[in-house]
>>> print(open('input_12.cif').read())   # mmCIF, C-alpha atoms and all ligand atoms
data_protein
loop_
_atom_site.group_PDB
_atom_site.id
_atom_site.type_symbol
_atom_site.label_atom_id
_atom_site.label_comp_id
_atom_site.auth_asym_id
_atom_site.auth_seq_id
_atom_site.Cartn_x
_atom_site.Cartn_y
_atom_site.Cartn_z
ATOM 1 C CA MET C 1 -14.002 6.725 8.164
ATOM 2 C CA SER C 2 -10.984 5.028 6.578
ATOM 3 C CA GLN C 3 -10.983 1.222 6.440
ATOM 4 C CA PRO C 4 -11.469 -0.190 9.949
ATOM 5 C CA ILE C 5 -8.655 -2.356 11.277
ATOM 6 C CA LEU C 6 -11.170 -4.850 12.684
ATOM 7 C CA GLU C 7 -14.820 -5.266 11.808
ATOM 8 C CA PHE C 8 -17.715 -7.307 13.205
ATOM 9 C CA ASP C 9 -20.376 -7.784 10.544
ATOM 10 C CA ARG C 10 -23.660 -9.050 12.027
ATOM 11 C CA ALA C 11 -21.676 -11.449 14.186
ATOM 12 C CA SER C 12 -23.506 -13.646 16.712
ATOM 13 C CA TYR C 13 -22.101 -15.968 19.324
ATOM 14 C CA SER C 14 -23.918 -18.198 21.837
ATOM 15 C CA TYR C 15 -22.270 -20.346 24.457
ATOM 16 C CA PRO C 16 -23.302 -23.992 24.621
ATOM 17 C CA CYS C 17 -25.980 -24.514 27.317
ATOM 18 C CA ASN C 18 -26.888 -20.812 27.312
ATOM 19 C CA ALA C 19 -30.054 -19.959 25.394
ATOM 20 C CA ARG C 20 -29.324 -16.215 25.147
ATOM 21 C CA SER C 21 -26.733 -15.052 22.621
ATOM 22 C CA ALA C 22 -23.754 -13.395 24.294
ATOM 23 C CA ILE C 23 -23.119 -11.452 21.060
ATOM 24 C CA GLN C 24 -26.153 -10.695 18.933
ATOM 25 C CA SER C 25 -25.835 -9.679 15.308
ATOM 26 C CA LEU C 26 -23.109 -7.238 16.307
ATOM 27 C CA ASN C 27 -21.955 -4.553 13.884
ATOM 28 C CA LEU C 28 -18.834 -2.811 15.137
ATOM 29 C CA GLN C 29 -15.872 -1.243 13.395
ATOM 30 C CA VAL C 30 -12.647 -0.526 15.225
ATOM 31 C CA PRO C 31 -11.055 2.553 13.617
ATOM 32 C CA ALA C 32 -7.357 2.127 12.818
ATOM 33 C CA GLY C 33 -4.923 4.073 14.974
ATOM 34 C CA LYS C 34 -7.409 5.059 17.676
ATOM 35 C CA ARG C 35 -7.569 4.513 21.429
ATOM 36 C CA CYS C 36 -10.969 2.874 21.768
ATOM 37 C CA GLY C 37 -12.773 2.336 25.055
ATOM 38 C CA LEU C 38 -15.429 -0.366 25.440
ATOM 39 C CA ILE C 39 -17.970 0.012 28.222
ATOM 40 C CA GLY C 40 -21.109 -1.834 29.290
ATOM 41 C CA GLN C 41 -22.652 -3.647 32.222
ATOM 42 C CA ASN C 42 -21.452 -6.968 33.580
ATOM 43 C CA GLY C 43 -22.463 -9.712 31.169
ATOM 44 C CA CYS C 44 -23.076 -7.412 28.158
ATOM 45 C CA GLY C 45 -20.547 -9.344 26.073
ATOM 46 C CA LYS C 46 -17.229 -7.448 26.260
ATOM 47 C CA THR C 47 -15.066 -10.468 27.051
ATOM 48 C CA THR C 48 -16.898 -12.581 24.462
ATOM 49 C CA LEU C 49 -16.260 -9.831 21.903
ATOM 50 C CA PHE C 50 -12.528 -9.988 22.676
ATOM 51 C CA LEU C 51 -12.448 -13.773 22.410
ATOM 52 C CA LEU C 52 -14.096 -13.508 18.981
ATOM 53 C CA ALA C 53 -11.719 -10.690 18.008
ATOM 54 C CA ASN C 54 -8.606 -12.809 18.298
ATOM 55 C CA GLY C 55 -10.202 -15.908 16.836
ATOM 56 C CA LEU C 56 -10.461 -17.982 20.031
ATOM 57 C CA TYR C 57 -14.194 -18.199 19.337
ATOM 58 C CA GLN C 58 -15.820 -18.386 15.934
ATOM 59 C CA PRO C 59 -19.182 -16.645 15.393
ATOM 60 C CA GLN C 60 -22.094 -18.982 14.606
ATOM 61 C CA GLN C 61 -23.503 -16.265 12.366
ATOM 62 C CA GLY C 62 -21.971 -13.255 10.636
ATOM 63 C CA LYS C 63 -18.316 -12.518 9.994
ATOM 64 C CA LEU C 64 -15.250 -10.740 11.270
ATOM 65 C CA TYR C 65 -12.779 -8.896 9.058
ATOM 66 C CA TRP C 66 -9.140 -8.072 9.790
ATOM 67 C CA GLN C 67 -7.906 -5.156 7.673
ATOM 68 C CA GLY C 68 -10.673 -5.863 5.178
ATOM 69 C CA GLU C 69 -9.992 -9.624 4.908
ATOM 70 C CA PRO C 70 -12.461 -12.158 6.362
ATOM 71 C CA PHE C 71 -11.130 -14.156 9.328
ATOM 72 C CA ARG C 72 -9.949 -17.680 8.518
ATOM 73 C CA TYR C 73 -9.966 -20.261 11.247
ATOM 74 C CA ASP C 74 -7.343 -22.802 10.127
ATOM 75 C CA ARG C 75 -4.409 -23.104 12.503
ATOM 76 C CA LYS C 76 -1.900 -21.306 10.279
ATOM 77 C CA SER C 77 -4.168 -18.300 9.673
ATOM 78 C CA LEU C 78 -5.010 -18.078 13.384
ATOM 79 C CA THR C 79 -1.344 -18.107 14.414
ATOM 80 C CA LYS C 80 -0.681 -15.273 11.989
ATOM 81 C CA LEU C 81 -3.749 -13.357 13.151
ATOM 82 C CA ARG C 82 -2.782 -13.647 16.813
ATOM 83 C CA GLN C 83 0.636 -12.219 16.074
ATOM 84 C CA GLN C 84 -1.135 -9.081 14.920
ATOM 85 C CA ILE C 85 -4.012 -9.002 17.404
ATOM 86 C CA GLY C 86 -2.816 -9.330 20.997
ATOM 87 C CA LEU C 87 -5.328 -10.059 23.773
ATOM 88 C CA VAL C 88 -4.697 -9.347 27.439
ATOM 89 C CA PHE C 89 -7.214 -11.516 29.307
ATOM 90 C CA GLN C 90 -9.551 -10.172 31.973
ATOM 91 C CA ASN C 91 -8.298 -12.825 34.365
ATOM 92 C CA PRO C 92 -4.476 -12.987 34.340
ATOM 93 C CA GLU C 93 -4.587 -16.538 35.713
ATOM 94 C CA HIS C 94 -6.041 -17.656 32.356
ATOM 95 C CA GLN C 95 -3.063 -16.273 30.530
ATOM 96 C CA LEU C 96 0.160 -16.957 32.396
ATOM 97 C CA VAL C 97 1.803 -20.154 31.207
ATOM 98 C CA ALA C 98 5.449 -20.376 32.213
ATOM 99 C CA ALA C 99 7.199 -21.026 35.525
ATOM 100 C CA THR C 100 8.858 -17.650 36.068
ATOM 101 C CA VAL C 101 8.025 -14.068 35.112
ATOM 102 C CA GLU C 102 10.964 -13.802 32.716
ATOM 103 C CA GLU C 103 10.056 -17.073 30.963
ATOM 104 C CA ASP C 104 6.437 -16.003 30.710
ATOM 105 C CA ILE C 105 7.349 -12.743 28.987
ATOM 106 C CA SER C 106 9.683 -14.486 26.524
ATOM 107 C CA TYR C 107 7.218 -17.328 25.773
ATOM 108 C CA GLY C 108 5.289 -15.687 22.896
ATOM 109 C CA LEU C 109 8.429 -14.179 21.371
ATOM 110 C CA TYR C 110 9.774 -17.603 20.387
ATOM 111 C CA ASN C 111 6.893 -17.969 17.900
ATOM 112 C CA LEU C 112 7.829 -14.759 16.108
ATOM 113 C CA GLY C 113 11.046 -16.088 14.592
ATOM 114 C CA LEU C 114 13.229 -13.493 16.335
ATOM 115 C CA THR C 115 16.909 -13.955 17.146
ATOM 116 C CA GLU C 116 17.933 -14.845 20.714
ATOM 117 C CA SER C 117 19.515 -11.424 21.185
ATOM 118 C CA GLU C 118 16.361 -9.616 19.989
ATOM 119 C CA ILE C 119 14.244 -11.754 22.344
ATOM 120 C CA ALA C 120 16.586 -10.962 25.261
ATOM 121 C CA ARG C 121 16.467 -7.255 24.409
ATOM 122 C CA ARG C 122 12.665 -7.129 24.273
ATOM 123 C CA VAL C 123 12.268 -9.132 27.492
ATOM 124 C CA GLN C 124 14.660 -6.861 29.358
ATOM 125 C CA GLU C 125 12.882 -3.775 28.036
ATOM 126 C CA ALA C 126 9.488 -5.152 29.163
ATOM 127 C CA ILE C 127 10.874 -6.015 32.604
ATOM 128 C CA ASP C 128 12.130 -2.444 33.011
ATOM 129 C CA ARG C 129 9.010 -0.784 31.625
ATOM 130 C CA PHE C 130 6.644 -2.821 33.775
ATOM 131 C CA ASP C 131 8.674 -2.481 36.928
ATOM 132 C CA LEU C 132 9.193 -6.242 37.151
ATOM 133 C CA ALA C 133 12.945 -6.447 37.821
ATOM 134 C CA GLU C 134 12.518 -7.685 41.395
ATOM 135 C CA LEU C 135 10.020 -10.322 40.281
ATOM 136 C CA ALA C 136 11.796 -11.528 37.122
ATOM 137 C CA HIS C 137 12.902 -14.864 38.580
ATOM 138 C CA GLN C 138 9.903 -15.422 40.862
ATOM 139 C CA PRO C 139 7.468 -18.253 40.230
ATOM 140 C CA VAL C 140 4.418 -16.779 38.520
ATOM 141 C CA HIS C 141 1.977 -18.560 40.845
ATOM 142 C CA ASN C 142 3.443 -16.747 43.883
ATOM 143 C CA LEU C 143 2.639 -13.255 42.592
ATOM 144 C CA SER C 144 -0.176 -11.025 43.809
ATOM 145 C CA LEU C 145 -3.105 -10.494 41.427
ATOM 146 C CA GLY C 146 -1.930 -6.981 40.497
ATOM 147 C CA GLN C 147 1.576 -8.305 39.789
ATOM 148 C CA LYS C 148 0.098 -11.114 37.668
ATOM 149 C CA LYS C 149 -1.930 -8.537 35.774
ATOM 150 C CA ARG C 150 1.212 -6.525 35.010
ATOM 151 C CA VAL C 151 3.007 -9.632 33.784
ATOM 152 C CA SER C 152 0.039 -10.565 31.586
ATOM 153 C CA ILE C 153 0.027 -7.082 30.007
ATOM 154 C CA ALA C 154 3.816 -7.206 29.504
ATOM 155 C CA ASP C 155 3.452 -10.676 27.854
ATOM 156 C CA ILE C 156 1.295 -9.216 25.097
ATOM 157 C CA MET C 157 2.817 -5.762 24.697
ATOM 158 C CA VAL C 158 6.231 -7.317 24.154
ATOM 159 C CA LEU C 159 4.854 -8.972 20.988
ATOM 160 C CA GLU C 160 4.185 -5.498 19.513
ATOM 161 C CA PRO C 161 0.771 -6.339 17.977
ATOM 162 C CA LYS C 162 -0.944 -4.003 15.505
ATOM 163 C CA LEU C 163 -4.139 -4.175 17.523
ATOM 164 C CA LEU C 164 -3.946 -4.492 21.282
ATOM 165 C CA LEU C 165 -7.055 -5.755 23.078
ATOM 166 C CA LEU C 166 -7.108 -5.189 26.834
ATOM 167 C CA ASP C 167 -9.912 -6.660 28.940
ATOM 168 C CA GLU C 168 -10.110 -4.669 32.198
ATOM 169 C CA PRO C 169 -6.377 -3.901 32.340
ATOM 170 C CA THR C 170 -6.609 -1.640 35.388
ATOM 171 C CA ALA C 171 -8.432 -4.209 37.520
ATOM 172 C CA TYR C 172 -6.225 -5.046 40.524
ATOM 173 C CA LEU C 173 -3.693 -2.286 39.707
ATOM 174 C CA ASP C 174 -2.827 0.347 42.311
ATOM 175 C CA PRO C 175 -2.804 4.059 41.289
ATOM 176 C CA ARG C 176 0.935 4.083 40.592
ATOM 177 C CA HIS C 177 0.791 1.107 38.252
ATOM 178 C CA THR C 178 -2.388 2.423 36.620
ATOM 179 C CA GLN C 179 -0.543 5.642 35.807
ATOM 180 C CA GLN C 180 2.406 3.626 34.530
ATOM 181 C CA LEU C 181 0.048 1.619 32.305
ATOM 182 C CA ILE C 182 -1.482 4.823 30.921
ATOM 183 C CA SER C 183 1.931 6.147 29.908
ATOM 184 C CA LEU C 184 2.887 2.799 28.322
ATOM 185 C CA LEU C 185 -0.372 2.839 26.363
ATOM 186 C CA GLN C 186 0.458 6.382 25.210
ATOM 187 C CA GLN C 187 3.843 5.188 23.995
ATOM 188 C CA ILE C 188 2.521 2.246 22.022
ATOM 189 C CA HIS C 189 -0.325 4.294 20.600
ATOM 190 C CA ALA C 190 2.220 6.872 19.453
ATOM 191 C CA ILE C 191 4.021 4.236 17.343
ATOM 192 C CA GLY C 192 0.777 3.448 15.508
ATOM 193 C CA THR C 193 -0.814 0.637 17.546
ATOM 194 C CA THR C 194 -4.610 0.578 17.641
ATOM 195 C CA ILE C 195 -5.987 -0.150 21.110
ATOM 196 C CA LEU C 196 -9.373 -1.488 22.222
ATOM 197 C CA LEU C 197 -9.763 -1.498 25.976
ATOM 198 C CA ALA C 198 -12.727 -2.618 28.116
ATOM 199 C CA SER C 199 -13.192 -1.006 31.506
ATOM 200 C CA HIS C 200 -15.817 -0.199 34.113
ATOM 201 C CA ASP C 201 -13.765 2.842 35.134
ATOM 202 C CA LEU C 202 -15.513 5.668 33.268
ATOM 203 C CA ASP C 203 -13.106 8.334 34.549
ATOM 204 C CA PHE C 204 -10.241 6.377 33.041
ATOM 205 C CA ILE C 205 -12.096 5.876 29.737
ATOM 206 C CA TYR C 206 -13.035 9.552 29.614
ATOM 207 C CA ARG C 207 -9.444 10.693 30.109
ATOM 208 C CA TRP C 208 -7.805 8.139 27.896
ATOM 209 C CA ALA C 209 -10.013 7.150 24.964
ATOM 210 C CA ASP C 210 -10.563 9.026 21.751
ATOM 211 C CA TRP C 211 -13.415 6.745 20.654
ATOM 212 C CA VAL C 212 -15.944 5.015 22.905
ATOM 213 C CA PHE C 213 -18.205 1.999 22.267
ATOM 214 C CA VAL C 214 -21.152 1.290 24.566
ATOM 215 C CA MET C 215 -22.514 -2.247 24.553
ATOM 216 C CA ASP C 216 -25.705 -3.740 25.931
ATOM 217 C CA ARG C 217 -26.913 -7.334 25.697
ATOM 218 C CA GLY C 218 -24.480 -8.330 22.996
ATOM 219 C CA GLN C 219 -25.043 -5.305 20.777
ATOM 220 C CA LEU C 220 -23.445 -1.937 20.146
ATOM 221 C CA ILE C 221 -25.870 0.768 21.177
ATOM 222 C CA LEU C 222 -23.758 3.911 21.083
ATOM 223 C CA GLU C 223 -20.365 5.011 19.770
ATOM 224 C CA GLY C 224 -18.493 8.251 19.306
ATOM 225 C CA THR C 225 -15.981 10.611 20.887
ATOM 226 C CA PRO C 226 -15.998 10.614 24.718
ATOM 227 C CA GLU C 227 -17.662 14.046 24.649
ATOM 228 C CA THR C 228 -20.581 12.922 22.491
ATOM 229 C CA VAL C 229 -21.041 9.541 24.180
ATOM 230 C CA PHE C 230 -20.936 10.857 27.747
ATOM 231 C CA ALA C 231 -23.325 13.670 26.831
ATOM 232 C CA GLN C 232 -26.022 11.002 26.224
ATOM 233 C CA ARG C 233 -27.095 10.932 29.836
ATOM 234 C CA GLU C 234 -30.448 9.251 29.248
ATOM 235 C CA VAL C 235 -28.960 6.253 27.487
ATOM 236 C CA LEU C 236 -26.217 5.878 30.093
ATOM 237 C CA GLU C 237 -28.715 6.172 32.931
ATOM 238 C CA GLN C 238 -30.978 3.557 31.359
ATOM 239 C CA LEU C 239 -28.003 1.209 31.352
ATOM 240 C CA GLN C 240 -27.075 2.322 34.879
ATOM 241 C CA LEU C 241 -23.534 3.052 33.762
ATOM 242 C CA GLY C 242 -23.281 6.556 35.230
ATOM 243 C CA VAL C 243 -21.035 9.283 33.782
ATOM 244 C CA PRO C 244 -17.419 10.318 34.438
ATOM 245 C CA LEU C 245 -16.817 12.471 37.514
ATOM 246 C CA ALA C 246 -15.586 15.449 35.428
ATOM 247 C CA ILE C 247 -18.914 15.606 33.582
ATOM 248 C CA GLU C 248 -20.940 15.101 36.751
ATOM 249 C CA LEU C 249 -19.086 17.975 38.463
ATOM 250 C CA MET C 250 -19.569 20.312 35.515
ATOM 251 C CA GLU C 251 -23.286 19.656 35.516
ATOM 252 C CA GLU C 252 -23.494 20.371 39.231
ATOM 253 C CA ILE C 253 -21.561 23.639 38.862
ATOM 254 C CA ARG C 254 -23.743 24.665 35.909
ATOM 255 C CA ALA C 255 -26.857 24.117 38.022
ATOM 256 C CA ILE C 256 -25.384 26.263 40.825
ATOM 257 C CA VAL C 257 -24.478 29.098 38.423
ATOM 258 C CA GLN C 258 -27.945 28.972 36.898
ATOM 259 C CA ARG C 259 -29.614 29.068 40.305
ATOM 260 C CA ASN C 260 -27.545 31.954 41.678
ATOM 261 C CA ASP C 261 -26.649 34.251 38.846
ATOM 262 C CA ASN C 262 -27.790 33.284 35.414
ATOM 263 C CA SER C 263 -25.914 36.190 33.803
ATOM 264 C CA ASN C 264 -22.617 34.333 34.325
ATOM 265 C CA ILE C 265 -23.691 31.298 32.359
ATOM 266 C CA GLU C 266 -21.856 32.341 29.180
ATOM 267 C CA ASN C 267 -18.557 32.739 31.024
ATOM 268 C CA PHE C 268 -19.191 29.443 32.708
ATOM 269 C CA GLU C 269 -19.708 27.676 29.393
ATOM 270 C CA GLN C 270 -16.386 28.971 28.107
ATOM 271 C CA TRP C 271 -14.363 27.733 31.028
ATOM 272 C CA GLN C 272 -16.351 24.518 31.274
ATOM 273 C CA GLN C 273 -15.052 23.664 27.829
ATOM 274 C CA GLN C 274 -11.498 24.491 28.879
ATOM 275 C CA ILE C 275 -11.687 22.431 32.048
ATOM 276 C CA LEU C 276 -13.151 19.417 30.280
ATOM 277 C CA GLU C 277 -10.477 19.578 27.595
ATOM 278 C CA ALA C 278 -7.735 19.889 30.209
ATOM 279 C CA ARG C 279 -9.039 16.787 32.027
ATOM 280 C CA ARG C 280 -8.506 14.782 28.880
ATOM 281 C CA LEU C 281 -4.869 15.750 28.422
ATOM 282 C CA LEU C 282 -2.527 13.296 30.038
HETATM 283 N N1 LIG G 1 -18.386 -19.968 29.434
HETATM 284 C C1 LIG G 1 -19.643 -19.501 29.392
HETATM 285 N N2 LIG G 1 -20.699 -20.349 29.285
HETATM 286 C C2 LIG G 1 -21.966 -19.872 29.208
HETATM 287 N N3 LIG G 1 -22.293 -18.567 29.213
HETATM 288 C C3 LIG G 1 -21.282 -17.673 29.312
HETATM 289 C C4 LIG G 1 -19.904 -18.085 29.407
HETATM 290 N N4 LIG G 1 -19.121 -16.991 29.494
HETATM 291 C C5 LIG G 1 -19.972 -15.938 29.454
HETATM 292 N N5 LIG G 1 -21.255 -16.332 29.343
HETATM 293 C C6 LIG G 1 -22.441 -15.456 29.259
HETATM 294 O O1 LIG G 1 -22.294 -14.614 28.124
HETATM 295 C C7 LIG G 1 -22.725 -13.278 28.409
HETATM 296 C C8 LIG G 1 -21.586 -12.298 28.116
HETATM 297 O O2 LIG G 1 -20.530 -12.540 29.052
HETATM 298 P P1 LIG G 1 -19.150 -11.739 29.002
HETATM 299 O O3 LIG G 1 -18.219 -12.434 29.922
HETATM 300 O O4 LIG G 1 -18.748 -11.603 27.581
HETATM 301 O O5 LIG G 1 -19.601 -10.317 29.578
HETATM 302 P P2 LIG G 1 -18.705 -9.067 30.014
HETATM 303 O O6 LIG G 1 -19.315 -7.865 29.384
HETATM 304 O O7 LIG G 1 -17.275 -9.339 29.739
HETATM 305 O O8 LIG G 1 -18.954 -8.978 31.589
HETATM 306 P P3 LIG G 1 -17.994 -8.404 32.773
HETATM 307 O O9 LIG G 1 -18.168 -6.917 32.792
HETATM 308 O O10 LIG G 1 -18.572 -9.040 34.000
HETATM 309 O O11 LIG G 1 -16.596 -8.850 32.500
HETATM 310 C C9 LIG G 1 -23.194 -13.294 29.862
HETATM 311 O O12 LIG G 1 -24.593 -13.400 29.875
HETATM 312 C C10 LIG G 1 -22.538 -14.527 30.452
HETATM 313 O O13 LIG G 1 -23.350 -15.072 31.459
HETATM 314 MG MG MG G 2 -15.629 -9.451 30.897
#
>>> encode(input="input_12.cif", output="structure tokens")
Amino acid sequence: MSQPILEFDRASYSYPCNARSAIQSLNLQVPAGKRCGLIGQNGCGKTTLFLLANGLYQPQQGKLYWQGEPFRYDRKSLTKLRQQIGLVFQNPEHQLVAATVEEDISYGLYNLGLTESEIARRVQEAIDRFDLAELAHQPVHNLSLGQKKRVSIADIMVLEPKLLLLDEPTAYLDPRHTQQLISLLQQIHAIGTTILLASHDLDFIYRWADWVFVMDRGQLILEGTPETVFAQREVLEQLQLGVPLAIELMEEIRAIVQRNDNSNIENFEQWQQQILEARRLL
């Protein structure tokens, strides 16, 4: 693998008043340019990992590296780091800061040293892309949770980070806005942005990701392409994570073919591959 864009090297993090480490000697390398999915049970450490990844938390042991350089935690280094690593919080209420939607989207842009006209251009583009025109002048606290989530994603995407971290971005989104998010993620991936996205929606991860990390109790226990990770049924069952619907269906059909007419199994395997590949094309 080429140099990872972000690396955790035996990093550990414990919260005060909590005896168990949320992140335990974690080794994880985020490959540059990929769409990475992060899955794992509630409480396995995904959100803590994100908060370490943009320097909001500092590991008590181990290190993090950004493009091969160790993280530095002085204010100037952190400001620079956070311009390159954007984090969309799991809970949008923890992220929104300004009075109106438009102000909230422009907030981070003022720290980037852009001209007023460039800021206005990027804000308008984000408002259009995220379907926020009708809400642009609304007070943020009056929005629904799904609307807040869309604003919080727009806030970060507008900064054009090199690495985009999204903690449960589809939570609260309806199918239309989930689809819209998928196409926006395709667009920003196409211009070279690396993405790390945590989700409990395995169908979404299966369709979207090209690399998958599975976490348990603060550690990485499995990683690979969606095909290799989701083929590890035993591990996923032990963690009670389940498997994507496409894989489940294929296994059921395979069992039926085997029961009824085993001679067709070779044909079945050929089109199984085609169907699974087609499911992953967006
Ligand atoms: N502020 C906190 N103080 C103490 N312990 C915490 C705090 N936040 C999280 N933890 C603990 O750290 C562990 C990891 O939590 P984290 O929120 O990172 O998990 P997660 O994988 O994001 O879960 P979820 O899928 O529910 O979002 C859990 O055991 C949790 O109870
Ligand atoms: Mg979380």
>>> residues_near_ligand(input="input_12.cif", ligand="ligand LIG 1 (chain G)", cutoff="8 Å", atoms="all atoms listed in the file", output="list in words")
Ser14, Tyr15, Pro16, Cys17, Asn18, Arg20, Ser21, Ala22, Ile23, Gly40, Gln41, Asn42, Gly43, Cys44, Gly45, Lys46, Thr47, Thr48, Leu49, Gln90, Asp167, Glu168, Ser199, His200, Arg217 and Gly218 of chain C
>>> write_last_selection(input="input_12.cif", atoms="C-alpha atoms", output="compact mmCIF listing (two decimals), in the coordinates of the input")
# COMPACT_ATOMS: atom_id res chain seq x y z
CA SER C 14 -23.92 -18.20 21.84
CA TYR C 15 -22.27 -20.35 24.46
CA PRO C 16 -23.30 -23.99 24.62
CA CYS C 17 -25.98 -24.51 27.32
CA ASN C 18 -26.89 -20.81 27.31
CA ARG C 20 -29.32 -16.22 25.15
CA SER C 21 -26.73 -15.05 22.62
CA ALA C 22 -23.75 -13.40 24.29
CA ILE C 23 -23.12 -11.45 21.06
CA GLY C 40 -21.11 -1.83 29.29
CA GLN C 41 -22.65 -3.65 32.22
CA ASN C 42 -21.45 -6.97 33.58
CA GLY C 43 -22.46 -9.71 31.17
CA CYS C 44 -23.08 -7.41 28.16
CA GLY C 45 -20.55 -9.34 26.07
CA LYS C 46 -17.23 -7.45 26.26
CA THR C 47 -15.07 -10.47 27.05
CA THR C 48 -16.90 -12.58 24.46
CA LEU C 49 -16.26 -9.83 21.90
CA GLN C 90 -9.55 -10.17 31.97
CA ASP C 167 -9.91 -6.66 28.94
CA GLU C 168 -10.11 -4.67 32.20
CA SER C 199 -13.19 -1.01 31.51
CA HIS C 200 -15.82 -0.20 34.11
CA ARG C 217 -26.91 -7.33 25.70
CA GLY C 218 -24.48 -8.33 23.00
>>> resolve_selection(input="input_12.cif", expression="the PyMOL selection byres (((chain C and resi 116-132) around 12) and not hetatm)", output="PyMOL selection string")
chain C and resi 100-115+133-138+140+143+146-160+173+176-185+187-188
>>> atom_distance(input="input_12.cif", atom1="CA of Leu220 in chain C", atom2="CA of Gln240 in chain C")
15.8 Å
>>> residues_around(input="input_12.cif", residues="range 67-82 of chain C", least_positions_apart="5", cutoff="12 Å", atoms="only C-alpha atoms", output="PyMOL selection string")
chain C and resi 2-9+11+29-32+50-59+62+87-88+108+111-112+156+159-165+194
>>> resolve_selection(input="input_12.cif", expression="the PyMOL selection byres (((chain C and resi 211) around 8) and not hetatm)", output="list of chain:residue names")
C:Lys34, C:Arg35, C:Cys36, C:Gly37, C:Ala209, C:Asp210, C:Val212, C:Phe213, C:Glu223, C:Gly224, C:Thr225, C:Pro226
>>> write_last_selection(input="input_12.cif", atoms="C-alpha atoms", output="mmCIF file, in the frame of the given file")
data_model
loop_
_atom_site.group_PDB
_atom_site.id
_atom_site.type_symbol
_atom_site.label_atom_id
_atom_site.label_comp_id
_atom_site.auth_asym_id
_atom_site.auth_seq_id
_atom_site.Cartn_x
_atom_site.Cartn_y
_atom_site.Cartn_z
ATOM 1 C CA LYS C 34 -7.409 5.059 17.676
ATOM 2 C CA ARG C 35 -7.569 4.513 21.429
ATOM 3 C CA CYS C 36 -10.969 2.874 21.768
ATOM 4 C CA GLY C 37 -12.773 2.336 25.055
ATOM 5 C CA ALA C 209 -10.013 7.150 24.964
ATOM 6 C CA ASP C 210 -10.563 9.026 21.751
ATOM 7 C CA VAL C 212 -15.944 5.015 22.905
ATOM 8 C CA PHE C 213 -18.205 1.999 22.267
ATOM 9 C CA GLU C 223 -20.365 5.011 19.770
ATOM 10 C CA GLY C 224 -18.493 8.251 19.306
ATOM 11 C CA THR C 225 -15.981 10.611 20.887
ATOM 12 C CA PRO C 226 -15.998 10.614 24.718
#
>>> closest_residue(input="input_12.cif", among="C:Gln186, C:Gln60, C:Asn267, C:Asn91", to="ligand MG 2 (chain G)", atoms="all atoms listed in the file")
C:Asn91
>>> atom_distance(input="input_12.cif", atom1="CA of Asn142 in chain C", atom2="CA of Ile85 in chain C")
28.6 Å
>>> resolve_selection(input="input_12.cif", expression="the PyMOL selection byres (((chain C and resi 227) around 12) and not hetatm)", output="short mmCIF file (atom, residue, chain, number, x, y, z; two decimals) with C-alpha atoms, in the coordinates of the input")
data_model
loop_
_atom_site.label_atom_id
_atom_site.label_comp_id
_atom_site.auth_asym_id
_atom_site.auth_seq_id
_atom_site.Cartn_x
_atom_site.Cartn_y
_atom_site.Cartn_z
CA ILE C 205 -12.10 5.88 29.74
CA TYR C 206 -13.04 9.55 29.61
CA ARG C 207 -9.44 10.69 30.11
CA TRP C 208 -7.80 8.14 27.90
CA ALA C 209 -10.01 7.15 24.96
CA ASP C 210 -10.56 9.03 21.75
CA TRP C 211 -13.42 6.74 20.65
CA VAL C 212 -15.94 5.01 22.90
CA GLU C 223 -20.36 5.01 19.77
CA GLY C 224 -18.49 8.25 19.31
CA THR C 225 -15.98 10.61 20.89
CA PRO C 226 -16.00 10.61 24.72
CA THR C 228 -20.58 12.92 22.49
CA VAL C 229 -21.04 9.54 24.18
CA PHE C 230 -20.94 10.86 27.75
CA ALA C 231 -23.32 13.67 26.83
CA GLN C 232 -26.02 11.00 26.22
CA ARG C 233 -27.10 10.93 29.84
CA VAL C 243 -21.04 9.28 33.78
CA PRO C 244 -17.42 10.32 34.44
CA ALA C 246 -15.59 15.45 35.43
CA ILE C 247 -18.91 15.61 33.58
CA GLN C 273 -15.05 23.66 27.83
CA LEU C 276 -13.15 19.42 30.28
CA GLU C 277 -10.48 19.58 27.60
CA ARG C 279 -9.04 16.79 32.03
CA ARG C 280 -8.51 14.78 28.88
#
>>> atom_distance(input="input_12.cif", atom1="CA of Val97 in chain C", atom2="CA of Ile191 in chain C")
28.1 Å
>>> closest_residue(input="input_12.cif", among="C:Tyr172, C:Phe89, C:Trp271, C:Phe204", to="ligand MG 2 (chain G)", atoms="all atoms listed in the file")
C:Phe89
>>> axis_aligned_box(input="input_12.cif", around="range 189-202 of chain C", padding_each_side="4 Å", output="JSON")
{"center_x": -5.9, "center_y": 2.1, "center_z": 25.3, "size_x": 27.8, "size_y": 17.5, "size_z": 27.6}
>>> closest_residue(input="input_12.cif", among="C:Tyr13, C:Glu248, C:Ala171, C:Leu145", to="ligand MG 2 (chain G)", atoms="all atoms listed in the file")
C:Ala171
>>> closest_residue(input="input_12.cif", among="C:Pro169, C:Glu252, C:Asp174, C:His94", to="His141 in chain C", atoms="only C-alpha atoms")
C:His94
>>> closest_residue(input="input_12.cif", among="C:Asp203, C:Ile39, C:Gly86, C:Met250", to="ligand MG 2 (chain G)", atoms="all atoms listed in the file")
C:Ile39
>>> decode(input="input_12.cif", residues="range 81-91 of chain C", atoms="C-alpha atoms", output="JSON list (two decimals), in the first residue's frame")
[["chain", "number", "residue", "atom", "x", "y", "z"],
["C", 81, "LEU", "CA", -4.77, 19.98, 10.54],
["C", 82, "ARG", "CA", -8.50, 20.65, 10.81],
["C", 83, "GLN", "CA", -8.45, 22.53, 7.53],
["C", 84, "GLN", "CA", -7.31, 19.30, 5.92],
["C", 85, "ILE", "CA", -9.30, 16.80, 7.99],
["C", 86, "GLY", "CA", -12.99, 17.68, 8.14],
["C", 87, "LEU", "CA", -15.25, 15.94, 10.67],
["C", 88, "VAL", "CA", -19.02, 15.73, 10.35],
["C", 89, "PHE", "CA", -20.26, 14.93, 13.86],
["C", 90, "GLN", "CA", -22.63, 12.07, 14.64],
["C", 91, "ASN", "CA", -24.95, 14.51, 16.39]]
